[in-house]
file protein.tsv (TSV, C-alpha atoms)
chain	number	residue	atom	x	y	z
A	1	MET	CA	164.60	43.70	85.71
A	2	LYS	CA	163.81	46.72	83.56
A	3	ARG	CA	160.21	45.56	83.18
A	4	THR	CA	159.88	45.17	86.95
A	5	LEU	CA	161.10	48.71	87.51
A	6	CYS	CA	158.57	50.04	84.99
A	7	LEU	CA	155.75	48.23	86.76
A	8	LEU	CA	156.84	49.62	90.12
A	9	LEU	CA	156.99	53.15	88.69
A	10	ALA	CA	153.53	52.83	87.19
A	11	LEU	CA	152.17	51.57	90.52
A	12	MET	CA	153.70	54.52	92.36
A	13	LEU	CA	152.14	56.99	89.92
A	14	LEU	CA	148.77	55.32	90.32
A	15	LEU	CA	148.92	55.51	94.11
A	16	THR	CA	150.04	59.16	93.97
A	17	GLY	CA	147.10	60.04	91.75
A	18	ALA	CA	144.68	58.35	94.14
A	19	LEU	CA	145.93	60.57	96.97
A	20	ILE	CA	145.25	63.81	95.11
A	21	PRO	CA	141.98	65.32	96.46
A	22	ALA	CA	139.14	65.95	94.03
A	23	SER	CA	139.23	69.66	94.82
A	24	ALA	CA	142.76	69.85	93.46
A	25	VAL	CA	141.74	68.63	89.99
A	26	THR	CA	138.29	70.23	89.75
A	27	ALA	CA	138.53	73.99	90.18
A	28	ASP	CA	134.89	74.89	89.46
A	29	VAL	CA	132.85	72.86	91.95
A	30	THR	CA	129.60	73.48	93.72
A	31	PRO	CA	130.24	74.27	97.42
A	32	THR	CA	128.29	72.27	99.97
A	33	ALA	CA	126.75	73.58	103.18
A	34	GLU	CA	128.28	71.54	105.95
A	35	ASP	CA	130.12	73.54	108.55
A	36	GLY	CA	130.70	77.07	107.20
A	37	ASN	CA	129.01	80.45	107.28
A	38	THR	CA	125.84	80.18	105.23
A	39	PHE	CA	123.15	82.18	103.44
A	40	SER	CA	119.90	80.47	102.44
A	41	PHE	CA	117.08	81.20	99.98
A	42	ASP	CA	113.48	79.98	100.19
A	43	ALA	CA	112.46	79.19	96.61
A	44	THR	CA	108.97	77.95	97.54
A	45	THR	CA	107.95	81.14	99.35
A	46	SER	CA	109.42	83.10	96.45
A	47	GLY	CA	107.26	81.20	93.94
A	48	TRP	CA	110.22	79.94	91.91
A	49	ASN	CA	109.63	76.66	90.08
A	50	ASN	CA	111.04	74.44	87.33
A	51	TYR	CA	114.67	75.34	87.89
A	52	GLU	CA	117.78	73.19	88.12
A	53	TYR	CA	119.59	75.20	90.78
A	54	ILE	CA	119.60	78.43	92.82
A	55	ALA	CA	122.79	80.49	92.82
A	56	PHE	CA	124.17	83.23	95.08
A	57	HIS	CA	126.08	86.13	93.50
A	58	ILE	CA	127.94	87.99	96.29
A	59	TRP	CA	130.19	91.03	95.98
A	60	GLY	CA	131.44	94.09	97.85
A	61	ASP	CA	132.08	97.67	96.79
A	62	ASP	CA	135.69	96.82	95.98
A	63	GLU	CA	135.75	93.05	95.54
A	64	SER	CA	134.12	90.22	93.63
A	65	PHE	CA	134.25	86.57	94.66
A	66	ALA	CA	133.08	84.54	91.66
A	67	ASP	CA	131.94	85.07	88.09
A	68	TRP	CA	128.22	85.29	87.37
A	69	GLY	CA	126.93	81.88	86.31
A	70	SER	CA	129.87	79.86	87.64
A	71	ARG	CA	129.26	76.61	89.49
A	72	LYS	CA	131.03	78.14	92.47
A	73	GLN	CA	127.95	80.34	93.03
A	74	ARG	CA	125.47	77.47	93.19
A	75	GLY	CA	123.76	76.54	96.43
A	76	THR	CA	122.57	73.13	97.58
A	77	ASP	CA	119.17	71.77	98.58
A	78	THR	CA	120.24	68.86	100.74
A	79	ASP	CA	116.82	68.30	102.36
A	80	GLY	CA	114.79	68.59	99.17
A	81	ASP	CA	112.58	71.29	100.71
A	82	ASN	CA	113.47	74.04	98.20
A	83	ILE	CA	115.49	75.89	100.86
A	84	TRP	CA	118.78	76.39	99.06
A	85	THR	CA	121.87	77.00	101.17
A	86	TYR	CA	125.20	78.50	100.19
A	87	ASP	CA	128.27	77.86	102.31
A	88	LEU	CA	130.57	80.84	101.94
A	89	SER	CA	133.41	79.13	103.75
A	90	ALA	CA	133.32	76.15	101.41
A	91	ALA	CA	133.33	78.56	98.46
A	92	GLY	CA	136.43	80.28	99.86
A	93	ILE	CA	134.56	83.52	100.63
A	94	THR	CA	135.45	85.44	103.79
A	95	LEU	CA	133.35	88.48	104.65
A	96	ASP	CA	134.80	91.30	106.73
A	97	PRO	CA	132.46	91.87	109.72
A	98	GLU	CA	133.15	95.59	109.43
A	99	LYS	CA	131.99	95.79	105.81
A	100	GLN	CA	128.75	95.68	103.88
A	101	TYR	CA	128.16	93.37	100.92
A	102	TYR	CA	125.47	92.58	98.35
A	103	VAL	CA	123.82	89.38	97.16
A	104	ILE	CA	121.62	88.52	94.20
A	105	PHE	CA	119.73	85.23	94.25
A	106	TYR	CA	119.12	83.77	90.80
A	107	SER	CA	117.89	80.52	89.28
A	108	SER	CA	118.95	78.44	86.29
A	109	ASN	CA	115.76	79.36	84.41
A	110	GLY	CA	116.09	83.14	84.60
A	111	ASN	CA	114.59	84.28	87.92
A	112	GLN	CA	116.62	87.01	89.58
A	113	THR	CA	116.35	89.27	92.63
A	114	TYR	CA	117.31	92.90	93.04
A	115	ASN	CA	120.48	93.73	95.04
A	116	LEU	CA	120.02	92.73	98.70
A	117	ILE	CA	122.48	94.17	101.22
A	118	CYS	CA	124.12	91.56	103.42
A	119	GLY	CA	126.97	91.02	105.86
A	120	THR	CA	128.17	88.65	108.55
A	121	ALA	CA	125.04	89.53	110.56
A	122	CYS	CA	123.08	87.65	107.89
A	123	TYR	CA	124.91	84.34	108.43
A	124	GLY	CA	122.33	81.62	109.01
A	125	ASP	CA	119.49	83.80	107.70
A	126	THR	CA	117.15	83.02	104.81
A	127	GLY	CA	116.27	85.31	101.94
A	128	TYR	CA	112.93	85.23	100.15
A	129	CYS	CA	111.01	87.17	97.50
A	130	THR	CA	108.18	89.40	98.71
A	131	GLY	CA	106.20	89.30	95.46
A	132	ASN	CA	107.06	92.92	94.63
A	133	MET	CA	109.13	93.91	91.62
A	134	ILE	CA	111.79	96.63	91.74
A	135	GLU	CA	112.71	98.92	88.87
A	136	ASN	CA	116.24	98.57	87.57
A	137	PRO	CA	118.07	101.77	88.64
A	138	VAL	CA	119.98	101.85	85.33
A	139	ASP	CA	117.31	100.67	82.87
A	140	SER	CA	113.79	101.60	83.98
A	141	GLU	CA	112.24	99.17	81.50
A	142	LYS	CA	113.65	96.20	83.40
A	143	THR	CA	112.69	94.89	86.84
A	144	ALA	CA	113.85	92.28	89.33
A	145	ALA	CA	112.20	90.57	92.29
A	146	GLU	CA	112.38	92.28	95.68
A	147	ALA	CA	114.11	90.07	98.26
A	148	MET	CA	114.27	90.38	102.04
A	149	TRP	CA	115.98	88.58	104.92
A	150	ARG	CA	113.66	86.88	107.40
A	151	GLN	CA	115.50	88.06	110.52
A	152	GLN	CA	117.05	91.39	109.53
A	153	ASP	CA	116.00	95.03	109.76
A	154	ALA	CA	115.22	95.99	106.15
A	155	SER	CA	116.56	99.51	106.73
A	156	VAL	CA	120.00	98.00	107.44
A	157	TYR	CA	120.05	94.71	105.51
A	158	GLY	CA	117.39	95.15	102.87
A	159	PRO	CA	117.04	95.98	99.17
A	160	GLU	CA	119.67	98.54	98.18
A	161	LEU	CA	118.39	102.12	98.35
A	162	ALA	CA	118.83	103.84	94.98
A	163	ILE	CA	117.37	106.50	92.68
A	164	THR	CA	116.46	105.14	89.26
A	165	SER	CA	117.33	106.82	85.99
A	166	ILE	CA	113.84	108.31	85.78
A	167	GLY	CA	113.71	109.58	89.35
A	168	ASN	CA	111.99	106.82	91.31
A	169	VAL	CA	113.43	105.85	94.71
A	170	VAL	CA	113.67	102.09	95.24
A	171	GLY	CA	114.96	99.92	98.06
A	172	SER	CA	115.18	100.55	101.79
A	173	ALA	CA	118.79	100.02	102.97
A	174	CYS	CA	121.33	102.75	102.27
A	175	PRO	CA	124.77	101.43	101.23
A	176	GLU	CA	127.47	102.37	103.73
A	177	SER	CA	129.53	103.97	100.95
A	178	LYS	CA	126.75	106.47	100.23
A	179	SER	CA	124.13	108.60	101.95
A	180	PRO	CA	120.67	109.73	100.84
A	181	TYR	CA	122.11	113.20	100.35
A	182	SER	CA	125.03	111.98	98.20
A	183	MET	CA	122.59	109.93	96.10
A	184	PHE	CA	120.50	113.05	95.55
A	185	VAL	CA	123.54	115.07	94.49
A	186	THR	CA	124.52	112.35	92.01
A	187	PHE	CA	120.97	112.25	90.67
A	188	LEU	CA	120.94	116.00	90.05
A	189	LYS	CA	124.28	115.85	88.24
A	190	ASP	CA	123.84	112.66	86.22
A	191	ASN	CA	120.18	111.72	85.80
A	192	LEU	CA	117.99	114.81	86.21
A	193	THR	CA	117.92	115.49	82.47
A	194	ASN	CA	116.89	111.91	81.71
A	195	ALA	CA	114.25	111.95	84.46
A	196	ARG	CA	112.78	115.17	83.08
A	197	SER	CA	112.34	113.47	79.70
A	198	PHE	CA	110.80	110.19	80.86
A	199	SER	CA	109.17	110.69	84.29
A	200	GLY	CA	106.33	112.89	83.06
A	201	LYS	CA	106.94	115.27	85.99
A	202	ASP	CA	107.99	118.89	86.17
A	203	ASP	CA	111.08	119.87	88.18
A	204	GLN	CA	109.10	120.85	91.27
A	205	THR	CA	107.22	117.55	91.50
A	206	LEU	CA	110.21	115.44	90.51
A	207	ILE	CA	112.57	116.93	93.09
A	208	ASP	CA	109.91	117.00	95.80
A	209	ASP	CA	109.12	113.31	95.26
A	210	VAL	CA	112.76	112.19	95.28
A	211	ALA	CA	113.69	114.30	98.32
A	212	ALA	CA	110.65	113.14	100.30
A	213	ALA	CA	111.39	109.47	99.54
A	214	LEU	CA	114.97	109.95	100.73
A	215	GLY	CA	113.95	111.80	103.89
A	216	LEU	CA	115.65	115.03	102.82
A	217	SER	CA	114.54	118.52	103.84
A	218	ASP	CA	114.10	121.72	101.82
A	219	ASP	CA	117.45	122.88	103.20
A	220	ASP	CA	119.10	119.67	101.92
A	221	VAL	CA	117.62	120.27	98.46
A	222	ASN	CA	118.79	123.89	98.39
A	223	ARG	CA	122.28	122.86	99.44
A	224	ALA	CA	122.46	120.10	96.81
A	225	ILE	CA	121.30	122.45	94.05
A	226	ALA	CA	123.94	124.99	95.07
A	227	GLU	CA	126.60	122.27	95.29
A	228	THR	CA	125.89	120.86	91.82
A	229	GLY	CA	125.18	124.16	90.09
A	230	VAL	CA	122.33	122.65	88.08
A	231	GLU	CA	119.52	124.91	86.90
A	232	VAL	CA	116.15	123.71	88.14
A	233	LEU	CA	112.67	125.15	88.29
A	234	TRP	CA	112.21	124.34	91.96
A	235	ASN	CA	111.03	126.68	94.70
A	236	ASN	CA	111.10	125.71	98.36
A	237	GLY	CA	108.25	128.16	98.93
A	238	THR	CA	105.93	125.86	97.02
A	239	SER	CA	107.60	122.60	98.03
A	240	VAL	CA	105.43	119.83	99.44
A	241	ILE	CA	108.30	117.97	101.11
A	242	PRO	CA	106.89	116.99	104.54
A	243	GLU	CA	108.51	118.41	107.65
A	244	PRO	CA	110.53	115.90	109.70
A	245	PRO	CA	108.28	114.32	112.34
A	246	ILE	CA	108.73	114.98	116.03
A	247	TYR	CA	109.60	111.85	117.97
A	248	THR	CA	108.67	111.35	121.59
A	249	VAL	CA	111.26	109.47	123.60
A	250	ILE	CA	110.21	107.80	126.86
A	251	MET	CA	113.34	107.45	128.95
A	252	GLY	CA	113.93	103.80	129.78
A	253	ASP	CA	111.74	102.50	126.93
A	254	ALA	CA	114.63	100.76	125.17
A	255	ASN	CA	112.40	98.50	123.05
A	256	ASP	CA	110.06	101.33	121.93
A	257	ASP	CA	106.83	99.65	123.01
A	258	GLY	CA	105.54	102.76	124.78
A	259	GLU	CA	106.26	101.78	128.38
A	260	VAL	CA	109.13	101.02	130.74
A	261	SER	CA	109.24	97.38	131.82
A	262	ILE	CA	111.67	94.58	132.56
A	263	LEU	CA	111.68	93.89	128.83
A	264	ASP	CA	113.63	97.11	128.33
A	265	ALA	CA	116.39	96.05	130.73
A	266	THR	CA	116.48	92.67	128.98
A	267	ARG	CA	116.73	94.30	125.56
A	268	ILE	CA	119.76	96.32	126.71
A	269	GLN	CA	121.40	93.21	128.16
A	270	ARG	CA	120.84	91.31	124.90
A	271	TYR	CA	122.33	94.21	122.93
A	272	LEU	CA	125.41	94.28	125.17
A	273	ALA	CA	125.79	90.51	124.75
A	274	GLU	CA	125.57	91.00	120.95
A	275	LEU	CA	122.31	89.04	120.80
A	276	ALA	CA	120.37	92.06	119.53
A	277	LEU	CA	121.25	94.66	116.92
A	278	GLU	CA	121.73	98.34	117.69
A	279	SER	CA	118.72	98.99	115.45
A	280	ASP	CA	116.64	96.93	117.91
A	281	VAL	CA	117.39	99.39	120.73
A	282	ASN	CA	116.19	102.98	121.11
A	283	MET	CA	119.64	104.16	122.15
A	284	SER	CA	118.42	107.57	123.34
A	285	ALA	CA	115.81	106.05	125.64
A	286	ALA	CA	118.19	103.33	126.83
A	287	ASP	CA	120.87	105.78	128.04
A	288	VAL	CA	119.01	106.55	131.26
A	289	ASP	CA	122.09	107.63	133.22
A	290	GLY	CA	122.92	110.20	130.53
A	291	ASP	CA	126.60	109.32	130.15
A	292	GLY	CA	126.39	109.21	126.36
A	293	GLU	CA	126.53	105.43	125.95
A	294	VAL	CA	124.40	102.39	126.67
A	295	THR	CA	125.97	100.11	129.28
A	296	ILE	CA	124.99	97.54	131.90
A	297	PHE	CA	124.54	100.44	134.31
A	298	ASP	CA	121.54	101.60	132.29
A	299	ALA	CA	119.92	98.16	132.49
A	300	THR	CA	120.57	98.13	136.24
A	301	ARG	CA	119.07	101.62	136.63
A	302	ILE	CA	115.88	100.48	134.88
A	303	GLN	CA	115.65	97.42	137.13
A	304	ARG	CA	116.08	99.59	140.23
A	305	TYR	CA	113.43	101.97	138.94
A	306	LEU	CA	110.97	99.09	138.44
A	307	ALA	CA	111.75	97.89	141.98
A	308	GLU	CA	110.94	101.45	143.19
A	309	LEU	CA	114.47	101.96	144.50
A	310	CYS	CA	115.20	105.08	142.46
A	311	GLU	CA	113.97	107.28	139.65
A	312	LEU	CA	115.45	106.84	136.20
A	313	ASP	CA	117.71	109.84	136.77
A	314	GLY	CA	119.09	108.20	139.92
A	315	SER	CA	117.23	110.38	142.42
A	316	PRO	CA	115.23	108.78	145.26
A	317	TYR	CA	112.08	107.05	144.05
A	318	GLY	CA	109.02	109.28	144.12
A	319	SER	CA	111.01	112.53	144.26
A	320	THR	CA	109.38	115.39	142.38
A	321	HIS	CA	112.57	116.38	140.58
A	322	GLY	CA	113.19	112.91	139.12
A	323	SER	CA	112.77	112.73	135.36
A	324	GLY	CA	111.21	109.26	135.41
A	325	SER	CA	109.28	108.07	132.37
A	326	ALA	CA	106.39	110.45	132.89
A	327	THR	CA	108.25	113.37	131.32
A	328	PRO	CA	109.28	112.31	127.82
A	329	ASP	CA	111.56	114.50	125.76
A	330	GLU	CA	110.36	115.68	122.38
A	331	LEU	CA	113.15	115.37	119.89
A	332	THR	CA	113.51	116.08	116.21
A	333	PRO	CA	115.52	113.75	114.00
A	334	GLY	CA	119.17	114.68	113.93
A	335	SER	CA	119.43	116.03	117.47
A	336	SER	CA	122.19	114.65	119.65
A	337	SER	CA	119.82	112.52	121.70
A	338	SER	CA	117.26	111.58	119.07
A	339	SER	CA	115.82	108.09	119.01
A	340	SER	CA	117.38	105.40	116.90
A	341	SER	CA	114.25	105.27	114.77
A	342	SER	CA	115.09	108.71	113.42
A	343	SER	CA	118.76	108.10	112.75
A	344	SER	CA	118.26	107.21	109.11
A	345	SER	CA	116.50	110.48	108.30
A	346	SER	CA	119.31	112.54	109.80
A	347	SER	CA	122.14	110.62	108.20
A	348	SER	CA	121.49	112.29	104.85
A	349	SER	CA	122.89	115.63	105.92
A	350	SER	CA	125.58	114.36	108.28
A	351	SER	CA	127.15	112.30	105.50
A	352	SER	CA	127.13	115.04	102.88
A	353	SER	CA	130.86	115.57	103.14
A	354	SER	CA	131.45	112.19	101.57
A	355	SER	CA	129.07	112.69	98.66
A	356	SER	CA	131.74	113.39	96.09
A	357	SER	CA	133.67	110.22	96.80
A	358	SER	CA	130.76	107.87	97.41
A	359	SER	CA	128.79	108.98	94.39
A	360	SER	CA	131.41	107.52	92.09
A	361	SER	CA	131.96	104.29	93.98
A	362	SER	CA	132.10	101.06	92.03
A	363	HIS	CA	132.66	97.40	92.68
A	364	GLY	CA	134.48	94.62	91.00
A	365	GLY	CA	131.44	92.35	90.74
A	366	SER	CA	128.16	92.65	88.91
A	367	GLY	CA	125.44	94.70	90.52
A	368	PHE	CA	121.98	94.59	89.02
A	369	VAL	CA	122.61	92.00	86.30
A	370	ILE	CA	120.46	92.30	83.19
A	371	LEU	CA	119.77	88.88	81.75

call {"tool": "encode", "arguments": {"input": "protein.tsv", "output": "structure tokens"}}
result
Amino acid sequence: MKRTLCLLLALMLLLTGALIPASAVTADVTPTAEDGNTFSFDATTSGWNNYEYIAFHIWGDDESFADWGSRKQRGTDTDGDNIWTYDLSAAGITLDPEKQYYVIFYSSNGNQTYNLICGTACYGDTGYCTGNMIENPVDSEKTAAEAMWRQQDASVYGPELAITSIGNVVGSACPESKSPYSMFVTFLKDNLTNARSFSGKDDQTLIDDVAAALGLSDDDVNRAIAETGVEVLWNNGTSVIPEPPIYTVIMGDANDDGEVSILDATRIQRYLAELALESDVNMSAADVDGDGEVTIFDATRIQRYLAELCELDGSPYGSTHGSGSATPDELTPGSSSSSSSSSSSSSSSSSSSSSSSSSSSSHGGSGFVIL
């Protein structure tokens, strides 16, 4: 009887063990891309060969999701076409649609990309290496491959904008926790001395080059110098920083192709349906009714204008006082109705109030990882 009970107990334990899912006993597994939110990487276009796997290191300014080199970061190549896919859902990663994140693609044999800004807008997109190399912002003797998204605006979701330790500006997408102006202030305080020693440039040339690459003006430079209190041999009277360009906005030309057509109304409708990004729309030109926002009424106004039912300002078609598209406004970046293409150049000064906090931001994960 005792032996029978022992056999029954052993059988129960065996059956219980068989019901335990594999995920419960194997903590460090490679996620598979089946039904979650995914990022992909094209290893063939990037010229990466002779590797065992491609991995995806993802982090935010205040959070890290997995340790560098862990199996949890590895993607899968289910089709054998060297397009590696990483399922964030399967890896237990949830991105906040209101936040910005970073990703580094790396391979088992030492290839590595520079920080690429990402977010939920990048779900389903594919990253690839352009063939360019980017200087490490911390150690100028090291570089990493420049990566881009196939379907994203590189000024929004592109290589992270940064000033290197020797005063070179790299990347194209400004992190949301910083601004070009705050980066410049941090550079003056923390890295100007080092850049003087290793860039081979005098103060005038060094500051002019950095400011121009960031889209800053002479006034921005003067304000940053006063704010930091650093002593520099820079004179705005001899500065060669280019003046901000003047942008011509054609009212109704929402897609910035130089004319008003049905494509502009369609672009607005796609934006309102969240099928196009705000960066894809010239918001100043799209707001034809002048109410301060882009709505379906603006798309309708453009359609009525094309049907010769009214002018773009709503007046009867053909009236001499209608603004139409024949009288474009000349705007400078930073004005209240400037085109979206100039928004990045004006953001440097508008975000200056946050420079002190953003300049010291950090994240829990690894940024530019030096292998």

call {"tool": "residues_near_point", "arguments": {"input": "protein.tsv", "point": "(121.3, 73.7, 92.7)", "cutoff": "9 Å", "atoms": "only C-alpha atoms", "output": "list in words"}}
result
Thr30, Tyr51, Glu52, Tyr53, Ile54, Ala55, Arg74, Gly75, Thr76, Asp77, Trp84, Ser107 and Ser108 of chain A

call {"tool": "residues_near_point", "arguments": {"input": "protein.tsv", "point": "(111.8, 78.7, 91.4)", "cutoff": "12 Å", "atoms": "all atoms listed in the file", "output": "ChimeraX atom specification"}}
result
/A:41-55,81-84,105-113,128-129,145

call {"tool": "write_last_selection", "arguments": {"input": "protein.tsv", "atoms": "C-alpha atoms", "output": "PDB file, in the coordinates of the input"}}
result
ATOM      1  CA  PHE A  41     117.080  81.200  99.980  1.00  0.00           C
ATOM      2  CA  ASP A  42     113.480  79.980 100.190  1.00  0.00           C
ATOM      3  CA  ALA A  43     112.460  79.190  96.610  1.00  0.00           C
ATOM      4  CA  THR A  44     108.970  77.950  97.540  1.00  0.00           C
ATOM      5  CA  THR A  45     107.950  81.140  99.350  1.00  0.00           C
ATOM      6  CA  SER A  46     109.420  83.100  96.450  1.00  0.00           C
ATOM      7  CA  GLY A  47     107.260  81.200  93.940  1.00  0.00           C
ATOM      8  CA  TRP A  48     110.220  79.940  91.910  1.00  0.00           C
ATOM      9  CA  ASN A  49     109.630  76.660  90.080  1.00  0.00           C
ATOM     10  CA  ASN A  50     111.040  74.440  87.330  1.00  0.00           C
ATOM     11  CA  TYR A  51     114.670  75.340  87.890  1.00  0.00           C
ATOM     12  CA  GLU A  52     117.780  73.190  88.120  1.00  0.00           C
ATOM     13  CA  TYR A  53     119.590  75.200  90.780  1.00  0.00           C
ATOM     14  CA  ILE A  54     119.600  78.430  92.820  1.00  0.00           C
ATOM     15  CA  ALA A  55     122.790  80.490  92.820  1.00  0.00           C
ATOM     16  CA  ASP A  81     112.580  71.290 100.710  1.00  0.00           C
ATOM     17  CA  ASN A  82     113.470  74.040  98.200  1.00  0.00           C
ATOM     18  CA  ILE A  83     115.490  75.890 100.860  1.00  0.00           C
ATOM     19  CA  TRP A  84     118.780  76.390  99.060  1.00  0.00           C
ATOM     20  CA  PHE A 105     119.730  85.230  94.250  1.00  0.00           C
ATOM     21  CA  TYR A 106     119.120  83.770  90.800  1.00  0.00           C
ATOM     22  CA  SER A 107     117.890  80.520  89.280  1.00  0.00           C
ATOM     23  CA  SER A 108     118.950  78.440  86.290  1.00  0.00           C
ATOM     24  CA  ASN A 109     115.760  79.360  84.410  1.00  0.00           C
ATOM     25  CA  GLY A 110     116.090  83.140  84.600  1.00  0.00           C
ATOM     26  CA  ASN A 111     114.590  84.280  87.920  1.00  0.00           C
ATOM     27  CA  GLN A 112     116.620  87.010  89.580  1.00  0.00           C
ATOM     28  CA  THR A 113     116.350  89.270  92.630  1.00  0.00           C
ATOM     29  CA  TYR A 128     112.930  85.230 100.150  1.00  0.00           C
ATOM     30  CA  CYS A 129     111.010  87.170  97.500  1.00  0.00           C
ATOM     31  CA  ALA A 145     112.200  90.570  92.290  1.00  0.00           C
TER      32      ALA A 145
END

call {"tool": "residues_around", "arguments": {"input": "protein.tsv", "residues": "stretch 227-234 of chain A", "least_positions_apart": "6", "cutoff": "12 Å", "atoms": "only C-alpha atoms", "output": "PDB file with C-alpha atoms, keeping the file's coordinate frame"}}
result
ATOM      1  CA  TYR A 181     122.110 113.200 100.350  1.00  0.00           C
ATOM      2  CA  SER A 182     125.030 111.980  98.200  1.00  0.00           C
ATOM      3  CA  PHE A 184     120.500 113.050  95.550  1.00  0.00           C
ATOM      4  CA  VAL A 185     123.540 115.070  94.490  1.00  0.00           C
ATOM      5  CA  THR A 186     124.520 112.350  92.010  1.00  0.00           C
ATOM      6  CA  PHE A 187     120.970 112.250  90.670  1.00  0.00           C
ATOM      7  CA  LEU A 188     120.940 116.000  90.050  1.00  0.00           C
ATOM      8  CA  LYS A 189     124.280 115.850  88.240  1.00  0.00           C
ATOM      9  CA  ASP A 190     123.840 112.660  86.220  1.00  0.00           C
ATOM     10  CA  ASN A 191     120.180 111.720  85.800  1.00  0.00           C
ATOM     11  CA  LEU A 192     117.990 114.810  86.210  1.00  0.00           C
ATOM     12  CA  THR A 193     117.920 115.490  82.470  1.00  0.00           C
ATOM     13  CA  ARG A 196     112.780 115.170  83.080  1.00  0.00           C
ATOM     14  CA  LYS A 201     106.940 115.270  85.990  1.00  0.00           C
ATOM     15  CA  ASP A 202     107.990 118.890  86.170  1.00  0.00           C
ATOM     16  CA  ASP A 203     111.080 119.870  88.180  1.00  0.00           C
ATOM     17  CA  GLN A 204     109.100 120.850  91.270  1.00  0.00           C
ATOM     18  CA  THR A 205     107.220 117.550  91.500  1.00  0.00           C
ATOM     19  CA  LEU A 206     110.210 115.440  90.510  1.00  0.00           C
ATOM     20  CA  ILE A 207     112.570 116.930  93.090  1.00  0.00           C
ATOM     21  CA  ASP A 208     109.910 117.000  95.800  1.00  0.00           C
ATOM     22  CA  ASP A 209     109.120 113.310  95.260  1.00  0.00           C
ATOM     23  CA  ALA A 211     113.690 114.300  98.320  1.00  0.00           C
ATOM     24  CA  ASP A 218     114.100 121.720 101.820  1.00  0.00           C
ATOM     25  CA  ASP A 220     119.100 119.670 101.920  1.00  0.00           C
ATOM     26  CA  VAL A 221     117.620 120.270  98.460  1.00  0.00           C
ATOM     27  CA  VAL A 240     105.430 119.830  99.440  1.00  0.00           C
ATOM     28  CA  ILE A 241     108.300 117.970 101.110  1.00  0.00           C
ATOM     29  CA  SER A 352     127.130 115.040 102.880  1.00  0.00           C
ATOM     30  CA  SER A 353     130.860 115.570 103.140  1.00  0.00           C
ATOM     31  CA  SER A 355     129.070 112.690  98.660  1.00  0.00           C
ATOM     32  CA  SER A 356     131.740 113.390  96.090  1.00  0.00           C
TER      33      SER A 356
END

call {"tool": "residues_around", "arguments": {"input": "protein.tsv", "residues": "A:Ala307", "least_positions_apart": "2", "cutoff": "12 Å", "atoms": "all atoms listed in the file", "output": "list in words"}}
result
Val260, Ser261, Ile262, Thr300, Arg301, Ile302, Gln303, Arg304, Tyr305, Leu309, Cys310, Glu311, Leu312, Pro316, Tyr317 and Gly318 of chain A

call {"tool": "atom_distance", "arguments": {"input": "protein.tsv", "atom1": "atom CA of A:Asp298", "atom2": "atom CA of A:Met251"}}
result
10.6 Å

call {"tool": "closest_residue", "arguments": {"input": "protein.tsv", "among": "A:Glu146, A:Asp125, A:Glu274, A:Glu176", "to": "A:Glu98", "atoms": "all atoms listed in the file"}}
result
A:Glu176

call {"tool": "closest_residue", "arguments": {"input": "protein.tsv", "among": "A:Met133, A:Ile58, A:Leu95, A:Ile163", "to": "A:Thr120", "atoms": "only C-alpha atoms"}}
result
A:Leu95

call {"tool": "atom_distance", "arguments": {"input": "protein.tsv", "atom1": "atom CA of A:Gly124", "atom2": "atom CA of A:Gln73"}}
result
17.0 Å

call {"tool": "atom_distance", "arguments": {"input": "protein.tsv", "atom1": "atom CA of A:Thr126", "atom2": "atom CA of A:Asp79"}}
result
14.9 Å

call {"tool": "closest_residue", "arguments": {"input": "protein.tsv", "among": "A:Val210, A:Glu293, A:Tyr123, A:Ala285", "to": "A:Ser239", "atoms": "all atoms listed in the file"}}
result
A:Val210

call {"tool": "closest_residue", "arguments": {"input": "protein.tsv", "among": "A:Asn222, A:Ser155, A:Thr38, A:Asn236", "to": "A:Asp87", "atoms": "only C-alpha atoms"}}
result
A:Thr38
